[in-house]
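Engineer: Please read through the structure below; I'll follow up with questions.
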Amino acid sequence: MLASVVSFAEVLTGAHRLHHDEEALVRGFFADLVAEVLPVEVATAERAAELRSASRSLRMPDALIAATADAHPDVDLLLTGDSGLASLRGLGCRVRLLH
């Protein structure tokens with residue numbers, strides 16, 4: 001499994017807001033289950049801007065996550081809990097909403 005650095009930051013933020021001891025669980029989850037945390041490169045940011053300008057309801061963190069998935073050749077499926085992101089079209093990978 002691959003993850004965007006934006007997803008990592010979002011999950012880590014939630015852990016900090018709940019309890020500082022939750023941070024170790026998040027880091028352990030990513031260390032155990034995520035093969036690589038993908039960075040946001042300039043080209044990824046440019047693609048995120050394109051996606052966000054085409055869909056005003058798309059938030060920038062979600063646009064960055066989608067652009068990261070779109071740019072990486074090993075990503076064929078983007079899993080999300082966000083229905084707005086799940087309805088995004090025009091990516092080079094499938095997008096599936098987790099229920």
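We label chains A, B, ... in the order they appear in the structure tokens, count residues from 1 in each chain, and number ligands from 1 in the order shown.
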Residues within 8 Å of region 71-74 of chain A, please, as a PyMOL selection string. Count only C-alpha atoms; anything in the same chain fewer than 2 positions from it doesn't count.

Structural biologist: chain A and resi 44+67-69+76+92

Engineer: Counting only C-alpha atoms, which residues of region 22-53 of chain A fall within 12 Å of region 77-91 of chain A, and what is the closest atom pair for each with its distance in Å at one decimal, ordered by chain and rising number, as CSV?

Structural biologist:
residue,atom,partner,partner_atom,distance
A:Arg47,CA,A:Leu91,CA,10.3
A:Ala48,CA,A:Leu91,CA,11.1
A:Glu50,CA,A:Gly90,CA,10.9
A:Leu51,CA,A:Leu88,CA,8.6
A:Arg52,CA,A:Leu88,CA,10.1

Engineer: Nearest to Leu64 (chain A): which of A:Val37, A:Val6, A:Ala31, A:Leu25 is it, counting only C-alpha atoms?

Structural biologist: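 Ranking A:Val37, A:Val6, A:Ala31, A:Leu25 by distance to Leu64 (chain A), first place goes to A:Val6.
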